[in-house]
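The next block is start_28.cif, given as mmCIF, C-alpha atoms and all ligand atoms.
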data_input
#
loop_
_atom_site.label_atom_id
_atom_site.label_comp_id
_atom_site.auth_asym_id
_atom_site.auth_seq_id
_atom_site.Cartn_x
_atom_site.Cartn_y
_atom_site.Cartn_z
CA MET E 1 14.29 17.79 -15.72
CA TRP E 2 16.36 15.10 -14.05
CA PHE E 3 15.31 12.39 -11.75
CA GLN E 4 18.01 10.92 -9.56
CA ASP E 5 18.63 7.19 -9.88
CA LEU E 6 15.10 6.39 -11.00
CA PHE E 7 16.82 4.59 -13.85
CA PRO E 8 20.25 3.53 -12.53
CA PRO E 9 22.55 4.32 -15.50
CA ASN E 10 24.28 0.95 -15.64
CA THR E 11 21.04 -0.96 -16.05
CA CYS E 12 19.80 0.77 -19.15
CA PRO E 13 19.32 -1.98 -21.74
CA ILE E 14 18.59 0.23 -24.65
CA ASN E 15 21.87 1.03 -26.29
CA ALA E 16 20.16 3.12 -28.89
CA LYS E 17 21.20 6.72 -29.26
CA THR E 18 18.40 9.09 -28.21
CA ASN E 19 15.77 6.90 -26.68
CA THR E 20 12.22 8.26 -26.28
CA PHE E 21 9.56 6.46 -24.32
CA TYR E 22 6.06 7.23 -23.06
CA GLY E 23 3.79 6.54 -20.10
CA ILE E 24 -0.02 6.94 -20.13
CA MET E 25 -1.66 7.63 -16.75
CA PHE E 26 -5.44 8.16 -16.38
CA ASP E 27 -6.80 10.07 -13.39
CA ALA E 28 -10.39 8.89 -12.85
CA GLY E 29 -11.46 11.73 -10.56
CA SER E 30 -14.90 12.22 -8.99
CA THR E 31 -15.69 15.19 -11.23
CA GLY E 32 -13.82 14.21 -14.37
CA THR E 33 -11.48 11.76 -16.09
CA ARG E 34 -8.08 13.01 -17.26
CA ILE E 35 -5.35 11.51 -19.45
CA HIS E 36 -1.68 12.39 -18.94
CA ILE E 37 0.67 11.19 -21.71
CA TYR E 38 4.22 11.74 -20.46
CA THR E 39 7.24 11.77 -22.81
CA PHE E 40 10.65 10.76 -21.46
CA VAL E 41 13.90 11.16 -23.40
CA GLN E 42 17.17 9.38 -22.73
CA LYS E 43 19.90 11.15 -24.69
CA SER E 44 22.36 8.30 -24.25
CA PRO E 45 22.47 5.05 -22.23
CA GLU E 46 24.79 6.36 -19.56
CA ILE E 47 22.78 9.46 -18.67
CA LEU E 48 19.42 9.61 -16.96
CA PRO E 49 16.18 10.00 -18.92
CA GLU E 50 14.53 13.38 -18.71
CA LEU E 51 10.84 14.23 -18.53
CA GLU E 52 10.38 16.06 -21.78
CA GLY E 53 6.67 16.88 -21.82
CA GLU E 54 3.07 16.00 -21.16
CA ILE E 55 -0.10 15.85 -23.22
CA PHE E 56 -3.07 16.52 -20.93
CA GLU E 57 -6.77 16.31 -21.67
CA SER E 58 -9.84 15.93 -19.47
CA VAL E 59 -13.51 15.04 -19.88
CA LYS E 60 -16.52 15.51 -17.57
CA PRO E 61 -18.29 13.95 -15.80
CA GLY E 62 -16.18 11.46 -13.86
CA LEU E 63 -16.61 7.65 -14.00
CA SER E 64 -18.87 7.59 -10.92
CA ALA E 65 -21.54 9.47 -12.89
CA TYR E 66 -21.81 6.31 -15.05
CA ALA E 67 -22.42 4.09 -12.02
CA ASP E 68 -25.43 2.49 -13.76
CA GLU E 69 -24.02 2.45 -17.30
CA PRO E 70 -20.41 1.26 -17.05
CA GLU E 71 -19.97 0.78 -20.81
CA LYS E 72 -20.63 4.51 -21.35
CA GLY E 73 -18.11 5.29 -18.61
CA ALA E 74 -15.52 3.17 -20.41
CA GLU E 75 -16.44 4.92 -23.66
CA SER E 76 -15.40 8.28 -22.13
CA VAL E 77 -12.02 6.73 -21.31
CA LYS E 78 -11.69 5.30 -24.84
CA ARG E 79 -12.21 8.73 -26.40
CA LEU E 80 -9.25 10.01 -24.38
CA LEU E 81 -7.14 6.91 -25.13
CA ASP E 82 -7.64 7.52 -28.86
CA MET E 83 -5.60 10.71 -28.34
CA ALA E 84 -2.67 8.55 -27.25
CA ILE E 85 -2.89 6.54 -30.49
CA ASP E 86 -2.05 9.77 -32.32
CA ALA E 87 0.51 11.01 -29.79
CA VAL E 88 2.67 7.86 -29.42
CA PRO E 89 4.61 6.55 -32.47
CA PRO E 90 3.23 3.11 -33.49
CA HIS E 91 6.54 1.31 -33.03
CA LEU E 92 6.47 2.28 -29.34
CA TRP E 93 2.84 1.31 -28.59
CA LYS E 94 3.74 -2.13 -27.27
CA LYS E 95 6.29 -0.65 -24.85
CA THR E 96 3.99 2.17 -23.64
CA PRO E 97 2.13 1.24 -20.44
CA VAL E 98 -1.43 2.49 -19.92
CA VAL E 99 -2.82 2.66 -16.36
CA LEU E 100 -5.97 4.12 -14.80
CA LYS E 101 -6.25 4.92 -11.12
CA ALA E 102 -9.62 5.96 -9.70
CA THR E 103 -9.87 8.19 -6.64
CA ALA E 104 -12.61 9.12 -4.18
CA GLY E 105 -15.48 9.15 -6.65
CA LEU E 106 -15.25 5.37 -6.99
CA ARG E 107 -14.40 4.89 -3.31
CA LEU E 108 -17.88 6.30 -2.58
CA LEU E 109 -19.60 3.86 -4.97
CA SER E 110 -20.68 0.33 -4.02
CA GLU E 111 -17.98 -2.30 -4.59
CA GLU E 112 -19.86 -4.01 -7.39
CA LYS E 113 -20.66 -0.77 -9.30
CA ALA E 114 -17.04 0.36 -8.99
CA GLN E 115 -15.78 -3.02 -10.18
CA ALA E 116 -18.20 -3.01 -13.14
CA LEU E 117 -16.79 0.32 -14.28
CA LEU E 118 -13.18 -0.79 -13.82
CA SER E 119 -13.63 -4.03 -15.76
CA GLU E 120 -15.22 -2.18 -18.69
CA VAL E 121 -12.22 0.17 -18.70
CA LYS E 122 -9.84 -2.81 -18.55
CA GLU E 123 -11.49 -4.18 -21.73
CA VAL E 124 -10.90 -0.86 -23.48
CA PHE E 125 -7.22 -1.05 -22.48
CA GLU E 126 -6.93 -4.72 -23.59
CA ALA E 127 -8.40 -3.76 -27.00
CA SER E 128 -5.80 -1.02 -27.40
CA PRO E 129 -2.29 -1.53 -28.90
CA PHE E 130 -0.60 -0.40 -25.65
CA LEU E 131 1.16 -2.36 -22.91
CA VAL E 132 -1.50 -3.26 -20.31
CA PRO E 133 0.24 -4.09 -16.98
CA GLU E 134 -1.25 -6.58 -14.50
CA ASP E 135 -3.00 -4.07 -12.17
CA SER E 136 -3.58 -1.51 -14.91
CA VAL E 137 -7.03 -0.46 -13.63
CA SER E 138 -7.64 0.10 -9.90
CA ILE E 139 -8.97 2.35 -7.15
CA MET E 140 -5.97 4.10 -5.64
CA ASP E 141 -5.33 4.09 -1.90
CA GLY E 142 -5.85 7.63 -0.51
CA SER E 143 -2.39 7.65 1.13
CA TYR E 144 -0.75 7.11 -2.24
CA GLU E 145 -2.87 9.89 -3.74
CA GLY E 146 -1.32 12.36 -1.27
CA ILE E 147 2.22 10.94 -1.49
CA LEU E 148 2.32 10.78 -5.29
CA ALA E 149 1.10 14.41 -5.61
CA TRP E 150 3.84 15.40 -3.13
CA ILE E 151 6.41 13.59 -5.33
CA THR E 152 5.11 15.34 -8.46
CA VAL E 153 5.31 18.83 -6.95
CA ASN E 154 8.68 18.34 -5.23
CA PHE E 155 10.15 16.67 -8.31
CA LEU E 156 8.94 19.48 -10.61
CA THR E 157 10.26 22.17 -8.25
CA GLY E 158 13.63 20.36 -8.13
CA GLN E 159 13.44 19.53 -4.42
CA LEU E 160 14.06 15.81 -4.93
CA SER E 161 17.45 16.15 -6.57
CA GLY E 162 20.55 17.24 -4.74
CA GLN E 163 20.95 17.27 -1.00
CA ASN E 164 19.45 20.61 -0.06
CA GLN E 165 16.05 19.08 0.11
CA HIS E 166 13.77 21.86 1.20
CA THR E 167 10.56 20.10 0.26
CA VAL E 168 7.10 21.70 0.24
CA GLY E 169 3.84 20.35 1.59
CA THR E 170 0.88 19.75 -0.72
CA LEU E 171 -2.87 20.38 -0.34
CA ASP E 172 -5.21 18.77 -2.89
CA LEU E 173 -8.95 19.59 -2.71
CA GLY E 174 -10.85 17.13 -4.87
CA GLY E 175 -14.58 16.74 -5.35
CA ALA E 176 -15.01 13.81 -2.96
CA SER E 177 -11.81 13.80 -0.85
CA THR E 178 -9.07 16.17 0.23
CA GLN E 179 -5.38 15.33 0.83
CA ILE E 180 -2.73 16.97 3.04
CA THR E 181 0.90 15.78 2.71
CA PHE E 182 4.24 17.06 4.05
CA LEU E 183 7.67 15.83 5.18
CA PRO E 184 7.70 16.25 9.00
CA ARG E 185 10.74 18.09 10.31
CA PHE E 186 10.06 17.65 14.01
CA GLU E 187 10.24 14.44 16.02
CA GLU E 188 7.17 15.72 17.89
CA THR E 189 5.05 15.43 14.72
CA LEU E 190 6.06 11.80 14.26
CA LYS E 191 5.16 11.09 17.89
CA GLU E 192 1.79 12.84 18.05
CA SER E 193 0.40 11.93 14.61
CA PRO E 194 -2.00 9.00 14.19
CA ARG E 195 -0.06 5.93 13.04
CA ASP E 196 -1.81 5.59 9.67
CA PHE E 197 -0.97 9.22 8.83
CA LEU E 198 2.74 8.37 8.56
CA THR E 199 3.84 6.46 5.48
CA SER E 200 7.38 5.84 4.34
CA PHE E 201 8.23 5.03 0.77
CA GLU E 202 11.29 4.60 -1.36
CA MET E 203 11.84 6.69 -4.49
CA PHE E 204 14.80 8.24 -6.28
CA ASN E 205 17.03 6.15 -4.04
CA SER E 206 15.83 7.92 -0.91
CA THR E 207 13.38 6.90 1.77
CA TYR E 208 10.85 9.51 2.78
CA GLN E 209 8.67 9.28 5.88
CA LEU E 210 5.75 11.49 4.98
CA TYR E 211 2.73 12.71 6.92
CA THR E 212 -0.26 12.18 4.60
CA HIS E 213 -4.00 11.64 4.88
CA SER E 214 -6.90 11.55 2.44
CA TYR E 215 -10.16 12.67 4.09
CA LEU E 216 -12.98 10.91 2.26
CA GLY E 217 -16.16 12.97 2.19
CA PHE E 218 -14.26 16.25 2.66
CA GLY E 219 -13.84 17.03 -1.04
CA LEU E 220 -15.61 20.21 -2.16
CA LYS E 221 -18.68 18.53 -3.67
CA ALA E 222 -19.08 16.03 -0.84
CA ALA E 223 -18.72 18.92 1.64
CA ARG E 224 -21.62 20.72 -0.05
CA LEU E 225 -23.83 17.72 0.65
CA ALA E 226 -22.49 17.48 4.21
CA THR E 227 -23.21 21.20 4.78
CA LEU E 228 -26.73 20.69 3.43
CA GLY E 229 -27.07 17.68 5.71
CA ALA E 230 -27.58 15.43 2.68
CA LEU E 231 -24.33 13.45 2.57
CA ASN E 232 -25.50 10.32 4.33
CA MET E 233 -29.08 10.34 3.15
CA GLU E 234 -30.05 7.14 1.41
CA ALA E 235 -32.61 8.24 -1.14
CA ALA E 236 -32.20 11.97 -0.92
CA ASP E 237 -34.33 12.12 -4.05
CA GLY E 238 -37.00 14.79 -3.84
CA GLN E 239 -36.17 16.06 -0.33
CA MET E 240 -35.45 19.82 -0.18
CA PHE E 241 -32.21 20.92 1.51
CA ARG E 242 -31.76 24.59 2.52
CA SER E 243 -28.68 26.58 3.56
CA SER E 244 -27.79 30.16 4.56
CA CYS E 245 -24.80 29.76 2.22
CA LEU E 246 -27.07 29.76 -0.84
CA PRO E 247 -28.82 32.71 -2.54
CA LYS E 248 -32.21 33.29 -0.79
CA GLN E 249 -34.30 32.85 -3.92
CA LEU E 250 -32.48 29.73 -5.18
CA GLU E 251 -34.48 26.54 -5.86
CA ALA E 252 -32.51 23.97 -7.88
CA GLU E 253 -31.54 20.32 -8.23
CA TRP E 254 -28.18 18.63 -8.70
CA HIS E 255 -26.81 15.18 -9.47
CA PHE E 256 -23.69 13.85 -7.70
CA GLY E 257 -22.57 10.24 -7.49
CA GLY E 258 -25.69 9.13 -9.29
CA VAL E 259 -28.14 10.70 -6.79
CA LYS E 260 -30.48 13.68 -7.44
CA TYR E 261 -30.57 16.38 -4.73
CA ARG E 262 -32.97 19.37 -4.44
CA TYR E 263 -31.56 22.44 -2.65
CA GLY E 264 -32.26 26.14 -2.11
CA GLY E 265 -31.76 29.30 -0.10
CA ASN E 266 -33.42 30.31 3.19
CA LYS E 267 -36.48 32.04 1.83
CA LYS E 268 -38.79 31.56 4.79
CA ASP E 269 -38.11 31.92 8.52
CA VAL E 270 -38.06 28.39 9.84
CA PRO E 271 -35.98 27.67 12.98
CA LEU E 272 -32.75 25.92 12.07
CA TRP E 273 -30.67 24.28 14.86
CA LEU E 274 -27.08 24.78 13.66
CA ILE E 275 -24.96 23.72 16.62
CA PRO E 276 -26.34 22.96 20.13
CA SER E 277 -25.69 26.37 21.67
CA VAL E 278 -26.72 28.42 18.66
CA PHE E 279 -30.28 29.03 17.55
CA VAL E 280 -30.33 31.10 14.36
CA LEU E 281 -33.47 32.15 12.56
CA ALA E 282 -33.05 30.50 9.17
CA GLY E 283 -34.11 33.61 7.30
CA GLU E 284 -30.48 34.70 7.56
CA THR E 285 -28.21 34.43 4.58
CA GLY E 286 -24.53 35.47 4.53
CA PHE E 287 -21.04 34.61 5.73
CA LYS E 288 -21.71 34.44 9.48
CA PRO E 289 -24.58 31.92 9.43
CA CYS E 290 -22.89 30.06 6.55
CA TYR E 291 -19.63 29.73 8.49
CA LEU E 292 -21.57 28.17 11.38
CA GLU E 293 -23.09 25.65 8.97
CA VAL E 294 -19.79 24.58 7.40
CA LEU E 295 -18.16 24.50 10.84
CA LYS E 296 -20.40 21.51 11.66
CA VAL E 297 -18.67 19.64 8.81
CA VAL E 298 -15.05 20.28 9.82
CA LYS E 299 -14.89 21.20 13.54
CA GLY E 300 -12.96 18.54 15.41
CA LYS E 301 -13.02 16.16 12.46
CA LEU E 302 -9.46 16.55 11.15
CA HIS E 303 -6.05 16.03 12.73
CA GLN E 304 -4.12 19.28 13.34
CA PRO E 305 -0.34 18.77 13.19
CA ASP E 306 1.22 21.72 15.06
CA GLU E 307 4.23 21.72 12.77
CA ILE E 308 2.32 23.07 9.77
CA ARG E 309 1.11 26.30 11.40
CA GLY E 310 4.01 28.26 10.04
CA SER E 311 4.95 26.38 6.89
CA SER E 312 3.76 27.30 3.42
CA PHE E 313 2.08 24.73 1.17
CA TYR E 314 1.35 24.18 -2.49
CA ALA E 315 -2.42 24.03 -3.05
CA PHE E 316 -4.21 22.86 -6.18
CA SER E 317 -7.39 21.33 -7.69
CA TYR E 318 -10.45 23.12 -6.22
CA TYR E 319 -8.28 25.43 -4.06
CA TYR E 320 -6.88 26.68 -7.37
CA ASP E 321 -10.18 26.68 -9.28
CA ARG E 322 -12.11 28.73 -6.69
CA ALA E 323 -9.24 31.21 -6.21
CA ALA E 324 -9.04 31.67 -9.99
CA ASP E 325 -12.86 31.90 -10.34
CA THR E 326 -12.85 34.84 -7.92
CA ASN E 327 -9.74 36.52 -9.38
CA LEU E 328 -7.71 35.92 -6.21
CA ILE E 329 -5.03 34.55 -8.60
CA ASP E 330 -4.36 34.66 -12.34
CA TYR E 331 -6.11 31.72 -14.05
CA GLU E 332 -3.01 30.77 -16.09
CA GLN E 333 -0.15 31.70 -13.72
CA GLY E 334 -1.72 30.92 -10.35
CA GLY E 335 -0.34 32.95 -7.45
CA VAL E 336 0.53 33.11 -3.75
CA LEU E 337 -2.21 33.77 -1.16
CA GLU E 338 -2.59 33.91 2.58
CA VAL E 339 -5.34 31.81 4.16
CA ARG E 340 -7.05 35.05 5.18
CA ASP E 341 -7.49 35.96 1.48
CA PHE E 342 -9.95 33.08 1.10
CA GLU E 343 -11.88 34.28 4.17
CA ARG E 344 -12.01 37.87 2.92
CA LYS E 345 -13.31 36.69 -0.48
CA ALA E 346 -15.86 34.39 1.17
CA LYS E 347 -17.24 37.35 3.17
CA GLU E 348 -17.40 39.51 0.04
CA VAL E 349 -19.30 36.84 -1.92
CA CYS E 350 -21.61 35.61 0.86
CA ASP E 351 -22.63 39.12 1.95
CA ASN E 352 -23.22 40.35 -1.62
CA MET E 353 -24.71 37.31 -3.34
CA GLU E 354 -26.77 39.36 -5.75
CA ARG E 355 -23.50 40.72 -7.18
CA PHE E 356 -22.24 37.19 -7.89
CA SER E 357 -25.45 35.85 -9.44
CA SER E 358 -23.66 34.87 -12.67
CA ALA E 359 -21.25 32.59 -10.80
CA SER E 360 -22.09 29.16 -9.36
CA PRO E 361 -24.76 29.42 -6.59
CA PHE E 362 -22.34 27.38 -4.43
CA LEU E 363 -19.53 29.97 -4.64
CA CYS E 364 -20.24 31.38 -1.16
CA MET E 365 -20.52 27.88 0.34
CA ASP E 366 -17.33 26.68 -1.41
CA LEU E 367 -15.18 29.63 -0.32
CA THR E 368 -16.56 29.44 3.22
CA TYR E 369 -15.87 25.70 3.32
CA ILE E 370 -12.29 26.23 2.07
CA THR E 371 -11.79 28.84 4.82
CA ALA E 372 -13.15 26.57 7.56
CA LEU E 373 -11.24 23.53 6.22
CA LEU E 374 -7.92 25.40 6.29
CA LYS E 375 -8.40 27.24 9.60
CA GLU E 376 -10.63 25.03 11.78
CA GLY E 377 -9.86 21.81 9.92
CA PHE E 378 -6.09 21.69 9.46
CA GLY E 379 -5.34 24.54 11.89
CA PHE E 380 -3.48 26.86 9.51
CA ARG E 381 -2.99 30.48 10.59
CA ASP E 382 -4.54 33.49 8.83
CA ASN E 383 -1.12 34.43 7.45
CA THR E 384 -0.09 30.93 6.30
CA LEU E 385 1.14 31.18 2.70
CA LEU E 386 -0.43 29.03 0.00
CA LYS E 387 1.18 28.69 -3.43
CA LEU E 388 -1.69 28.04 -5.81
CA THR E 389 -0.51 26.26 -8.91
CA LYS E 390 -1.97 24.16 -11.69
CA LYS E 391 1.25 23.51 -13.61
CA VAL E 392 4.98 23.61 -12.87
CA ASN E 393 7.28 23.76 -15.94
CA ASN E 394 4.13 23.20 -18.01
CA ILE E 395 3.44 19.86 -16.27
CA GLU E 396 0.13 19.40 -14.35
CA THR E 397 0.54 19.35 -10.56
CA SER E 398 -1.26 16.07 -10.12
CA TRP E 399 -0.47 12.72 -8.43
CA THR E 400 -0.26 11.20 -11.94
CA LEU E 401 3.39 12.09 -12.62
CA GLY E 402 4.48 10.53 -9.32
CA ALA E 403 2.37 7.49 -10.18
CA THR E 404 4.05 7.24 -13.60
CA PHE E 405 7.55 7.33 -12.09
CA HIS E 406 6.47 4.54 -9.76
CA LEU E 407 4.96 2.60 -12.68
CA LEU E 408 8.01 2.87 -14.92
CA GLN E 409 10.26 1.89 -12.02
CA SER E 410 8.10 -1.12 -11.13
CA LEU E 411 7.83 -2.21 -14.78
CA GLY E 412 11.54 -1.70 -15.27
CA ILE E 413 10.68 -0.05 -18.58
CA THR E 414 14.30 0.92 -18.71
CA TYR E 415 15.01 -2.00 -16.32
O1 LIG W 501 -4.70 17.16 -13.20
C1 LIG W 501 -5.46 18.11 -13.02
N1 LIG W 501 -5.27 19.29 -13.67
C2 LIG W 501 -6.10 20.36 -13.47
N2 LIG W 501 -7.14 20.37 -12.63
C3 LIG W 501 -7.38 19.22 -11.94
C4 LIG W 501 -6.57 18.05 -12.09
N3 LIG W 501 -7.08 17.10 -11.25
C5 LIG W 501 -8.15 17.64 -10.61
N4 LIG W 501 -8.34 18.92 -11.03
C6 LIG W 501 -9.37 19.85 -10.57
O2 LIG W 501 -9.81 19.45 -9.28
C7 LIG W 501 -11.24 19.31 -9.28
C8 LIG W 501 -11.73 18.14 -8.43
O3 LIG W 501 -10.85 17.07 -8.48
P1 LIG W 501 -11.29 15.54 -8.80
O4 LIG W 501 -12.38 15.49 -9.81
O5 LIG W 501 -10.00 14.87 -9.13
O6 LIG W 501 -11.91 15.00 -7.41
P2 LIG W 501 -11.33 13.77 -6.52
O7 LIG W 501 -9.83 14.00 -6.41
O8 LIG W 501 -12.07 13.85 -5.20
O9 LIG W 501 -11.62 12.51 -7.27
C9 LIG W 501 -11.60 19.08 -10.73
O10 LIG W 501 -12.84 19.71 -10.95
C10 LIG W 501 -10.54 19.78 -11.50
O11 LIG W 501 -10.93 21.13 -11.80
CA CA W 502 -8.16 14.37 -7.88
#
Represent the structure from my file as structure tokens, please.
Ligand SMILES: O=c1[nH]cnc2c1ncn2[C@@H]1O[C@H](COP(=O)(O)OP(=O)(O)O)[C@@H](O)[C@H]1O
Ligand SMILES: [Ca+2]
Amino acid sequence: MWFQDLFPPNTCPINAKTNTFYGIMFDAGSTGTRIHIYTFVQKSPEILPELEGEIFESVKPGLSAYADEPEKGAESVKRLLDMAIDAVPPHLWKKTPVVLKATAGLRLLSEEKAQALLSEVKEVFEASPFLVPEDSVSIMDGSYEGILAWITVNFLTGQLSGQNQHTVGTLDLGGASTQITFLPRFEETLKESPRDFLTSFEMFNSTYQLYTHSYLGFGLKAARLATLGALNMEAADGQMFRSSCLPKQLEAEWHFGGVKYRYGGNKKDVPLWLIPSVFVLAGETGFKPCYLEVLKVVKGKLHQPDEIRGSSFYAFSYYYDRAADTNLIDYEQGGVLEVRDFERKAKEVCDNMERFSSASPFLCMDLTYITALLKEGFGFRDNTLLKLTKKVNNIETSWTLGATFHLLQSLGITY
């Protein structure tokens, strides 16, 4: 794959023949930590380097699960970094940058717990043989998370080279936050969007003014807590949270972000005020009462750019996982869906929970949330097309490739 002008040909200092170099980018996500080791090859000084491949590995849980034991969190990063020792030839270690960017999981932690984790990770990096840049460990700004994923997908699908830039929008559903990013085509969008949703950045010798926003607390796991009414509880420990989205007989507990939650289905008939005008006997379980519950989380909370109603988007992370879990797409190849396919599957699961008892008890809630997020949240139509993908050209569709381009450019690795 080519990238235009990322490494202006006349500035390449390495007059070797084929020149291979690496970049190591860690994605410290709220539900897991991932390492991406990218290989770049420059066949000769006057032609541009190409992205040759990626080594990808992930571990669970994410760093925020180690909020009270930061050394163990750093240990999970070290185990992944040891893979890079084997993957990168020793003579290149000193020229191979290693960077970790944390996303919403750490944004939801207290400043001092997040910093404790990051400084332990920095020590692991310093003890390694790799190049440790100045700001090698940080919490990434949500706007960059959306933009960099957009760069990754549009680079991998070849939309950033050549002039016929027909770029695609990206939807990323994480555990703690969700991102929407696209290149506005209409002046109207630029005028009616909130100021901080529009970010311009320079890459591949072009300037892009993108619409992007990261909604903290609207990731799939955070949305479960919001639907249960447990998101902003201080010590939720011990309190029981019930929902019509959960199997009637369910009684369980769950740890997220270092807090223990108890939750279950609507076994008994207690009145449950859902939204002011609706009084539903809680004994109900199924799509209709569940949709009303998740609607409380998204209705009126997200900005709805008119422009996107008709355009198709790439969707990944939990959009992909839940579609694959329910055979809406092939787990390896992904697939193309309409928004209505998620709604149809949500109805099937929520209204036949006994048939899906082997799956996660949150499957109904997750699919119903995804439906409400897309339709009532972002304002997509039933027939909007979503391209669900996990890899393009065998490279993960994650913000990490975009971040690595930016890193190599800023470090002038090839000057
Ligand atoms: O690079 C990736 N490759 C494949 N799946 C990913 C990647 N990044 C995230 N995911 C999927 O998205 C889910 C949630 O994303 P994440 O843990 O990054 O939450 P966050 O973005 O809110 O921090 C993960 O459980 C994982 O299945
Ligand atoms: Ca993520």
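Nearest-residue note for E:Pro133: choosing from E:Ile413, E:Leu51, E:Ala102, E:Ala230, the minimum distance belongs to E:Ile413, counting only C-alpha atoms.
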>> I'd like to know which of E:Ser64, E:Ser357, E:Ser110, E:Ser136 is closest to E:Ala28, using all atoms listed in the file.
In response: E:Ser64
4 Å per side around ligand LIG 501 (chain W): axis-aligned box centre and edge lengths, as AutoDock Vina command-line options:
--center_x -8.8 --center_y 16.8 --center_z -9.4 --size_x 16.1 --size_y 16.6 --size_z 16.5
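Candidate residues E:Gly265, E:Pro194, E:Gly334, E:Gly105 were compared for distance to E:Gly174, and the nearest is E:Gly105, using only C-alpha atoms.
For the choices E:Gly158, E:Pro247, E:Lys43, E:Arg381, the atom-to-atom distance to E:Asn352 is smallest for E:Pro247 when using all atoms listed in the file.
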>> Residues near E:Leu92, anyone? I mean within 10 Å using all atoms listed in the file, not counting same-chain ones fewer than 5 positions away, as a ChimeraX atom specification.
In response: /E:20-22,97,129-131
>> At a cut-off of 7 Å and counting all atoms listed in the file, what residues surround ligand LIG 501 (chain W)? Please answer as a VMD selection string.
In response: chain E and resid 28 to 32 34 62 103 to 105 173 to 178 219 317 to 318 321 390 396 to 398
